[in-house]
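File shown here: upload06.cif, holding mmCIF, C-alpha atoms.
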data_model
#
loop_
_atom_site.label_atom_id
_atom_site.label_comp_id
_atom_site.auth_asym_id
_atom_site.auth_seq_id
_atom_site.Cartn_x
_atom_site.Cartn_y
_atom_site.Cartn_z
CA MET A 1 105.94 103.47 62.56
CA LYS A 2 103.85 106.23 64.15
CA ASN A 3 100.57 107.07 62.47
CA LEU A 4 100.76 110.85 62.59
CA ARG A 5 98.05 111.21 59.92
CA LEU A 6 95.52 109.51 62.18
CA LYS A 7 96.55 111.71 65.08
CA ALA A 8 96.23 114.84 62.92
CA ALA A 9 92.85 113.79 61.53
CA ARG A 10 91.56 113.11 65.03
CA ALA A 11 92.83 116.47 66.28
CA GLY A 12 91.29 118.10 63.21
CA LYS A 13 87.89 116.78 64.27
CA ASP A 14 88.59 117.99 67.83
CA LEU A 15 88.28 114.47 69.20
CA SER A 16 90.26 113.00 72.08
CA GLN A 17 91.57 109.43 71.93
CA ASP A 18 88.76 108.52 74.31
CA ASP A 19 86.10 110.11 72.07
CA LEU A 20 87.36 108.30 68.98
CA ALA A 21 87.65 105.02 70.92
CA LYS A 22 84.03 105.27 72.08
CA ALA A 23 82.85 106.15 68.57
CA VAL A 24 84.45 103.04 67.04
CA GLY A 25 83.86 100.71 70.02
CA VAL A 26 87.39 100.05 71.23
CA SER A 27 89.45 101.06 74.25
CA ARG A 28 91.40 104.34 74.40
CA GLN A 29 94.61 102.31 74.71
CA THR A 30 93.89 100.65 71.35
CA ILE A 31 93.64 104.03 69.61
CA SER A 32 96.82 105.11 71.39
CA ALA A 33 98.60 101.93 70.23
CA ILE A 34 97.50 102.50 66.60
CA GLU A 35 98.75 106.11 66.68
CA LYS A 36 102.07 105.00 68.18
CA GLY A 37 102.43 102.26 65.57
CA ASP A 38 102.39 99.52 68.21
CA TYR A 39 99.29 97.82 66.80
CA ASN A 40 98.09 97.15 63.26
CA PRO A 41 94.28 97.34 63.27
CA THR A 42 92.05 95.01 61.28
CA ILE A 43 90.48 96.33 58.09
CA ASN A 44 87.10 96.55 59.88
CA LEU A 45 88.51 98.84 62.55
CA CYS A 46 90.34 100.93 59.91
CA ILE A 47 87.04 101.41 58.05
CA SER A 48 85.23 102.40 61.28
CA ILE A 49 87.94 104.97 62.09
CA CYS A 50 87.83 106.36 58.54
CA LYS A 51 84.04 106.74 58.71
CA VAL A 52 84.18 108.62 62.02
CA LEU A 53 87.00 110.91 60.81
CA ASP A 54 85.53 111.38 57.28
CA LYS A 55 88.74 110.15 55.63
CA THR A 56 89.59 107.40 53.17
CA LEU A 57 91.67 104.34 53.98
CA ASP A 58 94.45 105.69 51.76
CA GLU A 59 94.51 109.01 53.58
CA LEU A 60 94.93 107.43 56.99
CA PHE A 61 96.55 104.04 56.55
CA TRP A 62 98.39 103.79 53.24
CA ASN A 63 102.17 104.10 53.46
CA GLU A 64 103.74 105.71 50.38
CA MET B 1 83.53 61.51 101.01
CA ASP B 2 84.62 62.89 104.38
CA LEU B 3 83.43 66.17 105.90
CA LYS B 4 86.51 68.09 104.77
CA ASN B 5 85.97 67.13 101.12
CA VAL B 6 82.24 67.93 101.31
CA ALA B 7 83.15 71.38 102.67
CA LEU B 8 85.67 71.81 99.83
CA VAL B 9 83.08 70.94 97.15
CA ILE B 10 80.46 73.23 98.75
CA GLY B 11 83.06 75.99 98.95
CA MET B 12 83.85 75.60 95.24
CA ILE B 13 80.15 75.71 94.25
CA VAL B 14 79.59 78.83 96.39
CA GLY B 15 82.73 80.33 94.81
CA ILE B 16 81.41 79.75 91.27
CA VAL B 17 78.00 81.27 92.09
CA LEU B 18 79.65 84.28 93.77
CA SER B 19 82.00 84.72 90.78
CA VAL B 20 79.02 85.02 88.42
CA LEU B 21 77.36 87.60 90.69
CA ILE B 22 80.60 89.56 91.12
CA ILE B 23 81.31 89.66 87.36
CA ARG B 24 77.78 91.00 86.77
CA MET B 25 78.39 93.58 89.50
CA ILE B 26 81.67 94.88 88.06
CA ASN B 27 80.33 95.18 84.52
CA LYS B 28 78.70 98.55 83.85
CA ASP B 29 75.86 96.96 81.86
CA GLY B 30 75.21 94.26 84.49
CA LYS B 31 75.92 91.48 81.99
CA PHE B 32 78.01 88.38 82.65
CA LYS B 33 79.94 88.60 79.39
CA THR B 34 82.82 91.06 79.41
CA LYS B 35 83.47 92.74 76.06
CA TYR B 36 86.98 93.19 74.70
CA ASP B 37 88.16 94.91 71.54
CA GLU B 38 90.31 93.25 68.87
CA MET B 39 93.67 94.33 70.35
CA GLN B 40 92.65 93.17 73.80
CA GLU B 41 91.58 89.77 72.42
CA ILE B 42 95.03 89.31 70.83
CA VAL B 43 96.86 90.33 74.02
CA ARG B 44 94.65 88.08 76.14
CA GLY B 45 95.40 85.17 73.80
CA ARG B 46 99.12 85.77 74.33
CA ALA B 47 98.54 85.99 78.09
CA TYR B 48 96.73 82.62 78.08
CA LYS B 49 99.64 81.11 76.13
CA TYR B 50 102.17 82.32 78.73
CA ALA B 51 99.91 81.07 81.54
CA PHE B 52 99.61 77.66 79.87
CA TRP B 53 103.39 77.23 79.56
CA THR B 54 103.87 78.45 83.11
CA LEU B 55 101.51 75.71 84.33
CA VAL B 56 103.28 73.09 82.17
CA CYS B 57 106.67 74.14 83.63
CA PHE B 58 105.25 74.09 87.16
CA GLU B 59 103.83 70.57 86.72
CA ALA B 60 107.16 69.39 85.28
CA LEU B 61 108.91 70.87 88.31
CA VAL B 62 106.48 69.14 90.72
CA ILE B 63 107.02 65.77 88.97
CA THR B 64 110.81 66.22 89.03
CA TRP B 65 110.67 67.26 92.69
CA ASP B 66 108.67 64.14 93.52
CA ALA B 67 110.88 61.85 91.40
CA MET B 68 113.98 63.10 93.19
CA GLY B 69 112.39 62.09 96.48
CA ILE B 70 112.58 65.55 98.00
CA PRO B 71 109.87 65.87 100.68
CA ALA B 72 107.00 68.12 99.63
CA PHE B 73 106.43 71.21 101.77
CA LEU B 74 102.79 71.56 100.72
CA SER B 75 99.79 69.24 101.02
CA GLY B 76 98.36 67.60 97.86
CA TYR B 77 95.59 70.12 97.17
CA ALA B 78 97.83 73.08 97.95
CA VAL B 79 100.53 72.02 95.45
CA GLN B 80 98.02 71.83 92.59
CA PHE B 81 96.38 75.06 93.68
CA LEU B 82 99.75 76.83 93.77
CA GLY B 83 100.34 75.88 90.12
CA ILE B 84 96.91 77.19 89.12
CA ILE B 85 97.33 80.45 91.02
CA ILE B 86 100.81 81.08 89.55
CA ALA B 87 99.46 80.52 86.01
CA VAL B 88 96.43 82.75 86.70
CA MET B 89 98.71 85.48 88.05
CA VAL B 90 100.83 85.31 84.87
CA GLN B 91 97.69 85.71 82.73
CA VAL B 92 96.24 88.50 84.87
CA ASN B 93 99.46 90.50 85.22
CA TYR B 94 100.33 90.29 81.53
CA SER B 95 96.78 91.39 80.65
CA ILE B 96 96.69 94.24 83.18
CA TRP B 97 100.00 95.81 82.08
CA ASN B 98 99.17 95.39 78.38
CA ASN B 99 95.72 97.04 78.62
CA ALA B 100 93.72 93.87 78.11
CA TYR B 101 92.36 92.99 81.55
CA ILE B 102 89.70 95.66 81.89
CA GLY B 103 86.95 95.08 79.33
CA LEU B 104 85.06 97.76 77.44
CA ASN B 105 82.05 97.35 79.75
CA THR B 106 83.99 96.95 83.02
CA ASN B 107 84.14 99.48 85.83
CA PRO B 108 87.86 99.37 86.75
CA ARG B 109 87.49 101.11 90.11
CA ARG B 110 84.75 98.74 91.25
CA PHE B 111 86.81 95.79 90.01
CA ALA B 112 89.83 96.92 92.06
CA ILE B 113 87.75 97.46 95.22
CA ILE B 114 86.04 94.05 94.91
CA SER B 115 89.43 92.33 94.36
CA ILE B 116 90.77 93.82 97.57
CA ILE B 117 87.59 92.85 99.48
CA ILE B 118 87.88 89.24 98.21
CA GLY B 119 91.53 89.27 99.30
CA ILE B 120 90.66 90.46 102.81
CA PHE B 121 87.82 87.89 103.03
CA ASN B 122 90.25 85.08 102.16
CA LEU B 123 92.70 86.36 104.75
CA LEU B 124 89.93 86.19 107.37
CA VAL B 125 89.02 82.63 106.32
CA CYS B 126 92.69 81.64 106.59
CA THR B 127 93.00 83.25 110.04
CA CYS B 128 89.81 81.51 111.27
CA ASN B 129 90.97 78.14 109.91
CA THR B 130 94.36 78.34 111.58
CA HIS B 131 92.89 79.49 114.91
CA LEU B 132 89.86 77.17 115.06
CA TYR B 133 91.01 73.96 113.33
CA SER B 134 94.71 73.39 112.82
CA ALA B 135 97.98 75.24 112.55
CA MET B 136 99.16 76.18 109.07
CA VAL B 137 102.23 73.97 109.38
CA VAL B 138 101.61 70.32 110.29
CA ASN B 139 104.51 67.83 110.37
CA GLY B 140 106.72 70.29 108.50
CA ARG B 141 104.17 70.70 105.67
CA LEU B 142 101.92 73.64 104.91
CA ASN B 143 98.30 72.46 105.00
CA ASP B 144 95.31 73.57 102.89
CA SER B 145 94.84 76.83 104.86
CA VAL B 146 97.71 78.20 102.81
CA ILE B 147 95.32 78.18 99.78
CA ASN B 148 93.29 81.03 101.32
CA LEU B 149 96.45 82.89 102.29
CA VAL B 150 97.87 82.72 98.76
CA THR B 151 94.47 83.67 97.27
CA ALA B 152 94.24 86.65 99.64
CA PHE B 153 97.74 87.80 98.70
CA CYS B 154 97.00 87.49 94.96
CA PHE B 155 93.66 89.31 95.06
CA VAL B 156 95.14 92.20 97.05
CA ILE B 157 98.04 92.45 94.56
CA ILE B 158 95.56 92.43 91.62
CA GLY B 159 93.42 95.10 93.30
CA VAL B 160 96.42 97.36 93.93
CA GLU B 161 97.72 96.83 90.39
CA LEU B 162 94.28 97.71 88.96
CA PHE B 163 94.21 100.94 91.01
CA ILE B 164 97.71 101.90 89.84
CA LYS B 165 96.92 101.09 86.20
CA HIS B 166 93.56 102.89 86.33
CA ASN B 167 95.13 106.05 87.78
CA LYS B 168 97.98 105.91 85.25
CA ASP B 169 95.50 105.59 82.36
CA LYS B 170 93.35 108.39 83.77
CA ALA B 171 96.37 110.70 84.02
CA GLU B 172 97.41 109.87 80.45
CA SER B 173 93.86 110.40 79.19
CA GLU B 174 93.60 113.78 80.95
CA SER B 175 96.98 114.92 79.69
CA GLY B 176 95.78 114.19 76.17
CA GLU B 177 98.07 111.54 74.74
CA GLU B 178 99.93 108.44 75.82
#

Here is a file; write its structure as structure tokens.
Amino acid sequence: MKNLRLKAARAGKDLSQDDLAKAVGVSRQTISAIEKGDYNPTINLCISICKVLDKTLDELFWNE
Amino acid sequence: MDLKNVALVIGMIVGIVLSVLIIRMINKDGKFKTKYDEMQEIVRGRAYKYAFWTLVCFEALVITWDAMGIPAFLSGYAVQFLGIIIAVMVQVNYSIWNNAYIGLNTNPRRFAIISIIIGIFNLLVCTCNTHLYSAMVVNGRLNDSVINLVTAFCFVIIGVELFIKHNKDKAESESGEE
């Protein structure tokens, strides 16, 4: 399932996939795969992404 | 140990030393260790698994071939090398096309250029061997010179694939999203 909330939060911060990838120490393709729902990140990576985007885990990764 | 085997061992040692220097050269930070992120580590693990089973299947095929008494068309070294190179190509290709071959600290362009240079160098070695020492086919069997030819072919393929993948990624990155 696509993670549109992550994509929106990233766009809201005016960050490209590459910018976010560099900020959390992964490749751009990994961020792309998370947004497309092709890869489930570890909790450590989720926390790093949340910190960079100023969001909570629930806001970005919890499925209702 | 005869002269040919001594040359083979020296060649392998030189190859290992050069590999270390080349890896340090293609990494942006000049370090030997290439860094991968968590998704890349998982994909690379899968690639190693496929490469392992490829090698197992190849060895089973070689044993069956031999047991059936069919004459081998490659010399002893070359047969084993062919298995290794096929398995390596499985690992490399799977990693390249699943975004796990180029590490976080690797310069992809430099990596592609060096791969093609290594390929051309091996092609030259193969050409010199066949012209100076012996033909590539002796008594209906391909001799060890074929090792350099196969290596050359593989490195050039890897270099071209890296260029294509790098340009594709660059275009996707510039257009915003994948």

query: Counting all atoms listed in the file, which of A:Asn63, A:Ser48, A:Thr56, A:Ala33 gets nearest to chain B?
result: A:Ala33

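If you measure from each of A:Ala8, A:Leu15, A:Val26, A:Leu53 to Pro41 (chain A) using only C-alpha atoms, the closest one turns out to be A:Val26.
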
message: Could you tell me how far CA of Leu82 (chain B) sits from CA of Thr151 (chain B), in Å to one decimal place?
response: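 The value is 9.3 Å.
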
message: Residues of chain A within 12 Å of chain B, counting only C-alpha atoms - could you list those as a PyMOL selection string?
response: chain A and resi 7+10-11+14-19+21-22+24-36+38-46

For CA of Tyr77 (chain B) and CA of Ile120 (chain B), the interatomic separation in Å (one decimal):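 Result for CA of Tyr77 (chain B) versus CA of Ile120 (chain B): 21.7 Å, one decimal.
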
- prompt: How many Å separate CA of Leu60 (chain A) from CA of Lys2 (chain A)?
  reply: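 About the pair CA of Leu60 (chain A) and CA of Lys2 (chain A): they are 11.5 Å apart.
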
Name the residues in contact with Phe155 (chain B) at a cut-off of 9 Å, using all atoms listed in the file, excluding same-chain residues fewer than 3 positions from it; report them as a tab-separated table (two decimals) with C-alpha atoms, keeping the file's coordinate frame.
chain	number	residue	atom	x	y	z
B	114	ILE	CA	86.04	94.05	94.91
B	115	SER	CA	89.43	92.33	94.36
B	116	ILE	CA	90.77	93.82	97.57
B	117	ILE	CA	87.59	92.85	99.48
B	118	ILE	CA	87.88	89.24	98.21
B	119	GLY	CA	91.53	89.27	99.30
B	120	ILE	CA	90.66	90.46	102.81
B	122	ASN	CA	90.25	85.08	102.16
B	150	VAL	CA	97.87	82.72	98.76
B	151	THR	CA	94.47	83.67	97.27
B	152	ALA	CA	94.24	86.65	99.64
B	158	ILE	CA	95.56	92.43	91.62
B	159	GLY	CA	93.42	95.10	93.30
B	160	VAL	CA	96.42	97.36	93.93

message: Can you tell me which residues surround region 124-131 of chain B at a distance of at most 7 Å, considering all atoms listed in the file, apart from same-chain residues fewer than 5 positions away, and format the answer as a PyMOL selection string?
response: chain B and resi 136+145+148-149
